[in-house]
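What follows is the content of entry.tsv, which has TSV, C-alpha atoms:
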```tsv
chain	number	residue	atom	x	y	z
A	14	MET	CA	-25.89	8.48	-52.54
A	15	GLU	CA	-28.75	6.55	-54.18
A	16	ILE	CA	-27.00	5.95	-57.49
A	17	THR	CA	-26.14	2.76	-59.32
A	18	LEU	CA	-23.43	2.92	-61.96
A	19	ARG	CA	-24.25	0.83	-65.02
A	20	GLU	CA	-22.46	-0.35	-68.15
A	21	LYS	CA	-23.02	2.93	-70.02
A	22	ASP	CA	-21.27	4.86	-67.21
A	23	ALA	CA	-17.97	2.99	-67.51
A	24	ASP	CA	-16.63	5.24	-70.29
A	25	ASP	CA	-16.66	8.20	-67.87
A	26	TRP	CA	-13.96	6.58	-65.72
A	27	VAL	CA	-10.32	6.33	-66.81
A	28	TYR	CA	-7.39	4.39	-65.42
A	29	ARG	CA	-5.30	6.32	-62.89
A	30	GLY	CA	-3.23	3.54	-61.30
A	31	GLU	CA	-3.38	0.56	-58.99
A	32	GLY	CA	-1.90	-1.13	-55.98
A	33	ALA	CA	-1.87	-4.71	-54.82
A	34	ALA	CA	-5.56	-4.78	-53.86
A	35	ASN	CA	-7.36	-2.06	-55.81
A	36	LEU	CA	-7.65	-0.24	-59.12
A	37	VAL	CA	-8.02	3.54	-59.07
A	38	LEU	CA	-10.02	5.32	-61.79
A	39	ALA	CA	-10.54	9.05	-62.31
A	40	TYR	CA	-13.81	10.65	-63.44
A	41	ILE	CA	-13.90	12.55	-66.75
A	42	GLY	CA	-17.66	12.87	-67.19
A	43	SER	CA	-20.07	15.72	-66.45
A	44	SER	CA	-22.14	14.48	-63.50
A	45	PRO	CA	-21.90	16.95	-60.57
A	46	SER	CA	-21.94	13.97	-58.21
A	47	PHE	CA	-18.60	12.67	-59.49
A	48	ILE	CA	-16.65	15.68	-60.78
A	49	GLY	CA	-13.41	15.89	-58.80
A	50	LYS	CA	-13.68	12.27	-57.65
A	51	VAL	CA	-11.75	9.03	-58.05
A	52	MET	CA	-13.02	5.48	-57.74
A	53	ARG	CA	-11.39	2.57	-55.95
A	54	ILE	CA	-12.39	-0.86	-57.26
A	55	ARG	CA	-11.37	-4.06	-55.55
A	56	LYS	CA	-9.29	-6.54	-57.55
A	57	GLY	CA	-9.57	-10.31	-57.46
A	58	PRO	CA	-7.37	-13.19	-58.65
A	59	ARG	CA	-7.66	-13.68	-62.40
A	60	ASN	CA	-7.94	-17.47	-62.08
A	61	ASP	CA	-10.74	-17.06	-59.54
A	62	SER	CA	-13.06	-15.02	-61.75
A	63	LEU	CA	-15.65	-17.72	-62.25
A	64	ILE	CA	-15.93	-18.88	-58.65
A	65	GLU	CA	-19.22	-17.91	-57.03
A	66	THR	CA	-19.05	-16.42	-53.56
A	67	THR	CA	-21.71	-16.19	-50.89
A	68	PRO	CA	-21.73	-13.17	-48.60
A	69	SER	CA	-21.05	-14.13	-44.98
A	70	PRO	CA	-23.24	-12.80	-42.17
A	71	SER	CA	-20.27	-10.78	-40.88
A	72	SER	CA	-17.14	-9.66	-42.62
A	73	LEU	CA	-15.10	-9.99	-39.44
A	74	THR	CA	-13.95	-13.06	-37.56
A	75	ALA	CA	-14.71	-13.46	-33.87
A	76	HIS	CA	-11.19	-12.30	-33.02
A	77	GLU	CA	-11.50	-9.24	-35.27
A	78	ARG	CA	-14.79	-8.33	-33.60
A	79	LEU	CA	-13.07	-8.64	-30.24
A	80	LEU	CA	-10.21	-6.45	-31.42
A	81	TRP	CA	-12.50	-3.63	-32.61
A	82	LYS	CA	-15.23	-4.12	-29.99
A	83	ASP	CA	-15.12	-0.43	-29.06
A	84	VAL	CA	-16.16	0.63	-32.56
A	85	ASP	CA	-19.75	-0.56	-33.05
A	86	GLU	CA	-19.90	0.52	-36.69
A	87	ILE	CA	-16.98	-1.74	-37.64
A	88	ILE	CA	-18.07	-4.89	-35.82
A	89	SER	CA	-21.63	-4.63	-37.18
A	90	SER	CA	-20.58	-4.19	-40.82
A	91	SER	CA	-21.62	-6.98	-43.17
A	92	ASP	CA	-18.75	-6.80	-45.65
A	93	HIS	CA	-14.99	-6.51	-45.38
A	94	GLU	CA	-14.85	-3.59	-47.80
A	95	LEU	CA	-17.42	-1.72	-45.73
A	96	ALA	CA	-15.48	-2.52	-42.58
A	97	SER	CA	-12.32	-1.08	-44.16
A	98	GLN	CA	-14.06	2.19	-45.00
A	99	LEU	CA	-15.52	2.41	-41.50
A	100	PHE	CA	-12.05	1.73	-40.07
A	101	VAL	CA	-10.77	4.78	-41.95
A	102	LEU	CA	-13.74	6.89	-40.84
A	103	HIS	CA	-13.83	5.96	-37.15
A	104	VAL	CA	-10.21	5.04	-36.37
A	105	MET	CA	-7.77	6.61	-38.84
A	106	LYS	CA	-9.52	9.92	-39.45
A	107	PRO	CA	-9.56	10.95	-35.75
A	108	LEU	CA	-5.88	9.98	-35.42
A	109	LEU	CA	-4.55	11.68	-38.56
A	110	GLY	CA	-6.99	14.58	-38.68
A	111	SER	CA	-10.04	15.20	-40.85
A	112	GLN	CA	-8.05	17.64	-43.00
A	113	PHE	CA	-5.76	14.82	-44.14
A	114	VAL	CA	-8.17	11.86	-44.49
A	115	ASP	CA	-11.14	11.27	-46.79
A	116	ALA	CA	-12.99	8.08	-45.85
A	117	GLY	CA	-15.04	8.21	-49.06
A	118	MET	CA	-18.49	6.80	-49.74
A	119	HIS	CA	-19.78	3.62	-51.33
A	120	VAL	CA	-21.75	3.63	-54.58
A	121	GLN	CA	-23.52	0.62	-56.05
A	122	VAL	CA	-22.37	-0.77	-59.41
A	123	SER	CA	-23.75	-3.35	-61.79
A	124	THR	CA	-21.84	-6.35	-63.10
A	125	GLY	CA	-22.06	-4.75	-66.55
A	126	PHE	CA	-20.22	-1.69	-65.24
A	127	LEU	CA	-17.43	-3.85	-63.78
A	128	LYS	CA	-17.05	-5.86	-66.98
A	129	SER	CA	-16.84	-2.68	-69.07
A	130	VAL	CA	-14.24	-1.17	-66.74
A	131	GLU	CA	-12.14	-4.33	-66.96
A	132	LYS	CA	-12.31	-4.19	-70.78
A	133	ASN	CA	-11.52	-0.47	-70.91
A	134	VAL	CA	-8.46	-0.45	-68.65
A	135	ILE	CA	-6.77	-3.75	-69.47
A	136	CYS	CA	-4.51	-2.22	-72.15
A	137	GLN	CA	-3.32	0.53	-69.80
A	138	ARG	CA	-2.38	-1.72	-66.90
A	139	PRO	CA	1.14	-3.16	-66.49
A	140	ALA	CA	1.29	-6.65	-67.99
A	141	TRP	CA	2.46	-8.27	-64.78
A	142	ARG	CA	-0.54	-6.84	-62.93
A	143	VAL	CA	-2.94	-8.00	-65.65
A	144	ASP	CA	-1.54	-11.53	-65.40
A	145	THR	CA	-2.26	-11.80	-61.68
A	146	ALA	CA	-5.49	-9.87	-61.08
A	147	GLN	CA	-8.59	-8.34	-62.63
A	148	VAL	CA	-11.59	-6.33	-61.48
A	149	ASP	CA	-13.43	-8.35	-58.83
A	150	MET	CA	-16.71	-9.18	-60.56
A	151	HIS	CA	-18.31	-10.15	-57.25
A	152	CYS	CA	-18.34	-6.54	-55.99
A	153	ASP	CA	-21.65	-4.73	-55.96
A	154	TYR	CA	-20.24	-1.35	-54.95
A	155	VAL	CA	-17.11	0.78	-55.25
A	156	LEU	CA	-15.53	3.45	-53.07
A	157	ILE	CA	-15.73	7.06	-54.29
A	158	MET	CA	-13.22	9.57	-52.87
A	159	SER	CA	-11.95	13.07	-53.57
A	160	ASP	CA	-9.38	13.33	-56.36
A	161	HIS	CA	-6.41	14.84	-54.55
A	162	SER	CA	-4.58	15.39	-57.84
A	163	LEU	CA	-7.06	18.19	-58.59
A	164	PHE	CA	-7.47	21.32	-56.53
A	165	ALA	CA	-11.18	21.86	-56.77
A	166	ARG	CA	-14.19	21.11	-58.90
A	167	ASP	CA	-13.60	24.25	-60.94
A	168	ASN	CA	-9.87	23.61	-61.15
A	169	LEU	CA	-9.42	23.95	-64.89
A	170	ALA	CA	-11.51	27.09	-64.97
A	171	SER	CA	-9.45	28.71	-62.22
A	172	GLY	CA	-6.03	27.91	-63.68
A	173	PRO	CA	-3.56	25.02	-63.76
A	174	CYS	CA	-2.78	22.83	-60.78
A	175	ILE	CA	0.01	20.37	-60.17
A	176	SER	CA	0.08	17.61	-57.59
A	177	VAL	CA	2.57	15.11	-56.29
A	178	GLU	CA	1.93	11.64	-54.87
A	179	ILE	CA	4.49	10.31	-52.40
A	180	LYS	CA	4.64	6.95	-50.69
A	181	PRO	CA	6.65	7.99	-47.62
A	182	LYS	CA	7.09	4.49	-46.07
A	183	CYS	CA	8.13	3.90	-42.45
A	184	GLY	CA	9.82	6.94	-40.93
A	185	PHE	CA	11.65	5.41	-37.98
A	186	ARG	CA	13.80	2.47	-36.93
A	187	PRO	CA	12.43	0.26	-34.13
A	188	VAL	CA	13.89	0.56	-30.65
A	189	SER	CA	11.74	-2.17	-29.08
A	190	ARG	CA	13.46	-4.44	-26.57
A	191	PHE	CA	11.55	-7.32	-28.14
A	192	VAL	CA	13.62	-7.20	-31.33
A	193	SER	CA	15.80	-10.31	-31.25
A	194	GLU	CA	19.56	-10.46	-31.74
A	195	GLU	CA	19.03	-12.30	-35.03
A	196	THR	CA	17.02	-9.41	-36.47
A	197	ALA	CA	18.81	-6.53	-34.73
A	198	ILE	CA	19.89	-5.21	-38.14
A	199	LYS	CA	16.52	-3.45	-38.41
A	200	LYS	CA	17.57	-1.20	-35.54
A	201	ARG	CA	20.39	0.08	-37.79
A	202	ILE	CA	18.98	-0.24	-41.33
A	203	THR	CA	15.56	1.12	-42.32
A	204	ARG	CA	12.80	-1.19	-43.44
A	205	PHE	CA	12.77	0.60	-46.80
A	206	GLU	CA	16.48	-0.03	-47.38
A	207	MET	CA	16.07	-3.72	-46.57
A	208	HIS	CA	13.15	-4.01	-48.99
A	209	GLN	CA	15.24	-2.29	-51.64
A	210	SER	CA	18.01	-4.87	-51.24
A	211	LEU	CA	15.48	-7.69	-51.49
A	212	LYS	CA	13.89	-6.21	-54.63
A	213	LEU	CA	17.32	-5.80	-56.23
A	214	HIS	CA	18.18	-9.41	-55.41
A	215	GLN	CA	14.88	-10.59	-56.89
A	216	GLU	CA	15.47	-8.37	-59.96
A	217	GLU	CA	12.30	-6.36	-59.38
A	218	ILE	CA	14.42	-3.19	-59.62
A	219	SER	CA	17.67	-2.47	-61.45
A	220	LEU	CA	19.01	0.20	-59.09
A	221	LEU	CA	18.69	0.88	-55.38
A	222	SER	CA	16.66	3.97	-54.52
A	223	GLU	CA	18.57	6.93	-53.16
A	224	TYR	CA	15.58	7.82	-50.96
A	225	ASN	CA	15.76	7.47	-47.18
A	226	PRO	CA	12.45	7.83	-45.29
A	227	LEU	CA	14.32	9.07	-42.22
A	228	ASP	CA	15.19	12.22	-44.20
A	229	LEU	CA	11.56	12.91	-45.08
A	230	PHE	CA	10.40	12.49	-41.47
A	231	SER	CA	13.37	14.28	-39.90
A	232	GLY	CA	11.64	17.61	-39.33
A	233	SER	CA	14.58	19.33	-41.06
A	234	ILE	CA	13.65	21.28	-44.19
A	235	GLU	CA	17.09	20.55	-45.66
A	236	ARG	CA	16.71	16.79	-45.20
A	237	ILE	CA	13.10	16.87	-46.43
A	238	HIS	CA	14.32	18.63	-49.58
A	239	LYS	CA	16.99	15.94	-50.02
A	240	ALA	CA	14.35	13.23	-49.66
A	241	ILE	CA	12.15	14.81	-52.34
A	242	LYS	CA	15.12	15.14	-54.72
A	243	ASP	CA	16.08	11.51	-54.12
A	244	LEU	CA	12.51	10.37	-54.83
A	245	PHE	CA	12.61	12.34	-58.09
A	246	THR	CA	15.92	10.71	-59.07
A	247	THR	CA	14.72	7.15	-58.41
A	248	PRO	CA	10.90	7.35	-58.30
A	249	GLN	CA	10.11	3.62	-58.67
A	250	ASN	CA	6.45	3.48	-57.53
A	251	ASN	CA	6.97	5.98	-54.70
A	252	PHE	CA	6.77	9.35	-56.51
A	253	ARG	CA	4.35	10.57	-59.19
A	254	VAL	CA	3.35	14.01	-60.48
A	255	PHE	CA	0.05	15.05	-62.10
A	256	MET	CA	-0.81	18.18	-64.08
A	257	ASN	CA	-4.54	18.97	-64.00
A	258	GLY	CA	-5.17	15.34	-63.03
A	259	SER	CA	-3.08	13.79	-65.82
A	260	LEU	CA	0.12	11.91	-65.05
A	261	ILE	CA	3.26	13.73	-66.26
A	262	PHE	CA	5.92	11.93	-64.20
A	263	GLY	CA	6.19	8.41	-62.77
A	264	GLY	CA	4.57	5.07	-63.56
A	265	LEU	CA	0.87	4.32	-63.91
A	266	GLY	CA	0.36	0.94	-62.27
A	267	GLY	CA	3.90	-0.07	-61.41
A	268	GLY	CA	7.40	1.24	-60.97
A	269	ALA	CA	8.90	3.99	-63.11
A	270	GLU	CA	12.31	4.15	-64.76
A	271	ASP	CA	15.11	5.98	-63.04
A	272	THR	CA	15.02	9.62	-64.10
A	273	ASN	CA	17.36	9.90	-67.09
A	274	PHE	CA	18.14	12.99	-69.18
A	275	CYS	CA	15.17	12.58	-71.54
A	276	ILE	CA	12.65	12.07	-68.73
A	277	ALA	CA	14.06	15.03	-66.78
A	278	LYS	CA	13.96	17.28	-69.88
A	279	ALA	CA	10.33	16.39	-70.63
A	280	PHE	CA	9.34	17.04	-67.03
A	281	GLU	CA	11.17	20.37	-67.02
A	282	GLY	CA	9.20	21.41	-70.09
A	283	ALA	CA	5.88	20.38	-68.56
A	284	LEU	CA	6.53	22.55	-65.49
A	285	LYS	CA	6.92	25.78	-67.47
A	286	SER	CA	3.19	26.40	-67.44
A	287	ILE	CA	3.15	26.70	-63.66
A	288	ILE	CA	6.70	27.44	-62.40
A	289	GLU	CA	8.00	30.85	-63.53
A	290	ALA	CA	11.72	30.08	-63.62
A	291	ASP	CA	14.54	30.23	-66.14
A	292	ASP	CA	15.16	27.26	-68.42
A	293	GLY	CA	16.60	24.33	-66.50
A	294	LEU	CA	15.46	25.61	-63.10
A	295	CYS	CA	11.77	24.67	-63.07
A	296	THR	CA	12.32	21.19	-61.66
A	297	GLU	CA	14.58	22.36	-58.84
A	298	ASN	CA	12.04	25.01	-57.88
A	299	PHE	CA	9.17	22.52	-57.98
A	300	LEU	CA	10.99	20.09	-55.70
A	301	THR	CA	11.68	22.96	-53.30
A	302	LEU	CA	7.97	23.83	-53.40
A	303	VAL	CA	7.01	20.25	-52.50
A	304	ALA	CA	9.49	20.14	-49.61
A	305	GLU	CA	8.31	23.50	-48.22
A	306	ALA	CA	4.63	22.46	-48.33
A	307	ALA	CA	5.28	19.03	-46.80
A	308	HIS	CA	7.18	20.67	-43.97
A	309	LYS	CA	4.68	23.50	-43.39
A	310	SER	CA	1.56	21.32	-43.46
A	311	GLY	CA	2.54	19.26	-40.40
A	312	VAL	CA	1.31	16.09	-42.08
A	313	LEU	CA	4.68	14.35	-41.79
A	314	ASP	CA	4.74	14.86	-38.02
A	315	ARG	CA	1.21	13.46	-37.77
A	316	LEU	CA	2.04	10.41	-39.88
A	317	LEU	CA	5.16	9.67	-37.86
A	318	GLU	CA	3.29	10.01	-34.58
A	319	VAL	CA	0.75	7.39	-35.68
A	320	GLN	CA	3.44	5.11	-37.13
A	321	LYS	CA	5.15	5.11	-33.74
A	322	LEU	CA	2.07	3.61	-32.10
A	323	ASP	CA	3.91	0.42	-33.04
A	324	ASP	CA	6.12	0.52	-29.97
A	325	VAL	CA	6.80	-3.21	-29.60
A	326	ASP	CA	7.51	-4.15	-33.24
A	327	ILE	CA	6.01	-7.23	-34.92
A	328	GLU	CA	8.29	-9.34	-32.71
A	329	GLY	CA	6.35	-8.13	-29.70
A	330	ALA	CA	2.90	-7.84	-31.29
A	331	ILE	CA	2.88	-11.48	-32.40
A	332	HIS	CA	2.94	-12.64	-28.75
A	333	ALA	CA	-0.05	-10.44	-27.92
A	334	TYR	CA	-1.85	-11.85	-30.95
A	335	TYR	CA	-1.41	-15.43	-29.75
A	336	ASP	CA	-2.81	-14.46	-26.34
A	337	ILE	CA	-5.87	-12.82	-27.92
A	338	THR	CA	-6.58	-15.89	-30.05
A	339	ARG	CA	-5.88	-18.21	-27.09
A	340	GLN	CA	-3.44	-20.23	-29.13
A	341	GLN	CA	-0.12	-21.63	-28.01
A	342	CYS	CA	2.55	-19.09	-28.85
A	343	MET	CA	4.46	-20.74	-31.69
A	344	VAL	CA	7.28	-18.20	-31.36
A	345	CYS	CA	7.98	-19.12	-27.74
A	346	THR	CA	8.10	-22.84	-28.56
A	347	LYS	CA	11.27	-22.14	-30.56
A	348	LEU	CA	13.03	-20.11	-27.86
A	349	ASN	CA	15.28	-21.18	-25.01
A	350	GLU	CA	14.48	-20.37	-21.40
A	351	ASP	CA	16.40	-17.10	-21.28
A	352	GLN	CA	14.82	-15.88	-24.52
A	353	THR	CA	11.35	-16.79	-23.28
A	354	LYS	CA	11.81	-14.57	-20.23
A	355	ILE	CA	12.16	-11.54	-22.51
A	356	TYR	CA	8.60	-12.01	-23.78
A	357	ALA	CA	7.05	-13.07	-20.45
A	358	PRO	CA	5.68	-9.54	-19.71
A	359	LEU	CA	3.68	-9.69	-22.93
A	360	HIS	CA	2.10	-13.02	-22.03
A	361	SER	CA	1.26	-11.85	-18.50
A	362	ALA	CA	-0.46	-8.70	-19.78
A	363	SER	CA	-4.23	-8.25	-19.43
A	364	LEU	CA	-6.51	-8.92	-22.38
A	365	ASP	CA	-7.15	-5.20	-22.82
A	366	GLU	CA	-3.41	-4.53	-22.99
A	367	SER	CA	-2.93	-7.31	-25.55
A	368	LEU	CA	-5.75	-5.85	-27.62
A	369	ARG	CA	-4.16	-2.40	-27.44
A	370	ILE	CA	-0.80	-3.74	-28.62
A	371	VAL	CA	-2.28	-5.50	-31.64
A	372	LYS	CA	-4.60	-2.63	-32.55
A	373	ASP	CA	-1.78	-0.11	-32.38
A	374	TYR	CA	0.41	-2.35	-34.49
A	375	LEU	CA	-2.27	-2.64	-37.20
A	376	ILE	CA	-3.01	1.09	-37.16
A	377	ALA	CA	0.69	1.89	-37.48
A	378	ALA	CA	1.11	-0.65	-40.31
A	379	THR	CA	-1.71	1.07	-42.22
A	380	VAL	CA	0.05	4.44	-42.03
A	381	LYS	CA	3.43	2.94	-42.99
A	382	ASP	CA	1.85	1.97	-46.32
A	383	CYS	CA	-0.13	5.13	-47.07
A	384	SER	CA	0.18	7.58	-49.96
A	385	LEU	CA	0.52	11.31	-49.45
A	386	MET	CA	-0.93	13.77	-51.98
A	387	ILE	CA	0.00	17.47	-52.13
A	388	CYS	CA	-1.76	19.64	-54.71
A	389	PHE	CA	-0.70	23.17	-55.73
A	390	ARG	CA	-2.06	26.06	-57.76
A	391	PRO	CA	-0.67	29.58	-58.19
A	392	SER	CA	-2.43	31.96	-55.80
A	393	LYS	CA	-4.52	34.65	-57.44
A	394	LYS	CA	-2.95	38.08	-57.04
A	395	GLY	CA	-4.69	40.11	-54.40
A	396	ASP	CA	-6.49	37.05	-52.98
A	397	SER	CA	-5.77	37.29	-49.27
A	398	GLY	CA	-8.87	35.36	-48.24
A	399	SER	CA	-7.98	31.91	-49.57
A	400	LEU	CA	-9.36	28.97	-47.59
A	401	PHE	CA	-6.19	27.00	-48.30
A	402	ASN	CA	-2.68	27.04	-46.90
A	403	ASN	CA	-0.09	28.75	-49.05
A	404	VAL	CA	3.65	28.67	-49.50
A	405	TYR	CA	5.91	31.36	-50.98
A	406	LEU	CA	8.60	30.26	-53.43
A	407	GLU	CA	11.31	32.85	-52.89
A	408	SER	CA	13.34	32.01	-56.00
A	409	THR	CA	10.44	32.69	-58.40
A	410	LYS	CA	8.53	35.24	-56.27
A	411	GLN	CA	5.40	33.07	-56.58
A	412	THR	CA	2.83	32.16	-53.95
A	413	PHE	CA	1.00	28.83	-54.22
A	414	ASP	CA	-2.15	27.58	-52.52
A	415	PHE	CA	-1.80	23.98	-51.50
A	416	LYS	CA	-3.84	21.20	-49.92
A	417	VAL	CA	-2.73	17.86	-48.50
A	418	GLY	CA	-4.53	14.53	-48.50
A	419	SER	CA	-3.68	10.91	-47.80
A	420	ALA	CA	-4.79	7.57	-49.19
A	421	LEU	CA	-4.81	4.51	-46.95
A	422	HIS	CA	-4.32	1.15	-48.63
A	423	PHE	CA	-5.87	-2.20	-47.68
```

Represent the supplied structure as structure tokens.
Amino acid sequence: MEITLREKDADDWVYRGEGAANLVLAYIGSSPSFIGKVMRIRKGPRNDSLIETTPSPSSLTAHERLLWKDVDEIISSSDHELASQLFVLHVMKPLLGSQFVDAGMHVQVSTGFLKSVEKNVICQRPAWRVDTAQVDMHCDYVLIMSDHSLFARDNLASGPCISVEIKPKCGFRPVSRFVSEETAIKKRITRFEMHQSLKLHQEEISLLSEYNPLDLFSGSIERIHKAIKDLFTTPQNNFRVFMNGSLIFGGLGGGAEDTNFCIAKAFEGALKSIIEADDGLCTENFLTLVAEAAHKSGVLDRLLEVQKLDDVDIEGAIHAYYDITRQQCMVCTKLNEDQTKIYAPLHSASLDESLRIVKDYLIAATVKDCSLMICFRPSKKGDSGSLFNNVYLESTKQTFDFKVGSALHF
């Protein structure tokens, strides 16, 4: 797309949210090129805003080029952001399926555009995020992707749509023989639960989440429904809902409050335009709808399959990493003779096997930190030729079209 966004274009993009590395903006203008799109803009440290940077001849180190040597497009990219997008296109998309992954496209932007965006969104961002990072003024392009909170370009003309964003987290406990006795707790307690305990200890949250990723990835519709209800009860930054692209439940750039009576009542009221249920039953029916679609789509099975490419855990992958970089294994220097024998097979593996272990670990780590988007709209009566999947909500006698997308974070 031969377009450069300039200062005057910044007002057409509004704050949608952010993660650790990027801001996400949604388009509200009238250009056909951007209707139904969101923008991902890289963030940079606030105290580093005046430091000049010089582009390097390659965005990847020698070891990274070795790791991805089978993907020419990645190793020849001249910028890390470009390499990340090509990683999604050539590695993640074939693994997860083209129906679930949008690699996006890059569009050039001016410094004036970036400065205007920073000025426009600063009041909407959480204060703690503003204190640590701002729009990276050294970027000369942004990533444009489909807005999975909207159903289609003509969404508002064709009726209301509602979408849910879920951060599913890691859906299994490791069984690797390389997990040490000292860290064997992670074979019994999920990674998510351990992070929850840490966040509570560090006072980042006031209440432990009731959500268990093992429920969501169980394959059981009953347990998936429980997982969705638990996410609704304690959403934190793992569950958000949008109506026609506008946030109606959850936090913008950080965690949300636990769902109290007032929040639940407001959400129940917002659902009445799309869920045809008696008062007090809209929320329960919506959560059932989300569970049914997540189960039917098959996306959870696909995500779990790719997550499980990590079959040796970080405690195994780190040994392969040291072999690839030809460094002394600092982990083994701290082990006794019997412990060292456990990891000997990793150090005697071929280079190609070591590369596979590290690549699979990184691919799995990407999926463990993805976001899942499911968007719904009521099916038109008599429309049997819809291009989308649909799910029937028995309790309200409604049929909904739905689509599923994922966002991969770097």

* Shortest interatomic distance to A:Tyr40 - which of A:Gly258, A:Pro181, A:Gly311, A:Gly293, counting all atoms listed in the file ->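 Result for the nearest residue to A:Tyr40: A:Gly258.
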
* **Spatial neighbours of A:Leu322, 7 Å, all atoms listed in the file, chain gap at least 2 places, as a PyMOL selection string** => chain A and resi 318-320+324+373-374+377

* Asked: How far is it from atom CA of A:Thr272 to atom CA of A:Phe245, in Å with one decimal?
  ->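 Pair atom CA of A:Thr272 / atom CA of A:Phe245 returns 7.0 Å.
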
* Taking into account all atoms listed in the file, which residue in the set A:Ala75, A:Leu406, A:Leu127, A:Leu163 is nearest to A:Asp149? ->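 Going through A:Ala75, A:Leu406, A:Leu127, A:Leu163 one by one, the smallest distance to A:Asp149 is for A:Leu127.
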
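You can rank A:Lys285, A:His214, A:Lys278, A:His332 by their closest distance to A:His360 using all atoms listed in the file, and at the top of that list sits A:His332.
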
* **Closest of A:Val148, A:Met386, A:Ala269, A:Val130 to A:Ser219 - atom-to-atom distances counting all atoms listed in the file** =>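 With all atoms listed in the file as the atom set, the closest residue is A:Ala269.
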
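The residue that comes closest to A:Thr379, out of A:Lys182, A:Phe126, A:Ile175, A:Gln112 and on the basis of all atoms listed in the file, is A:Lys182.
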
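Between atom CA of A:Thr353 and atom CA of A:Val371 there is a distance of 19.6 Å.
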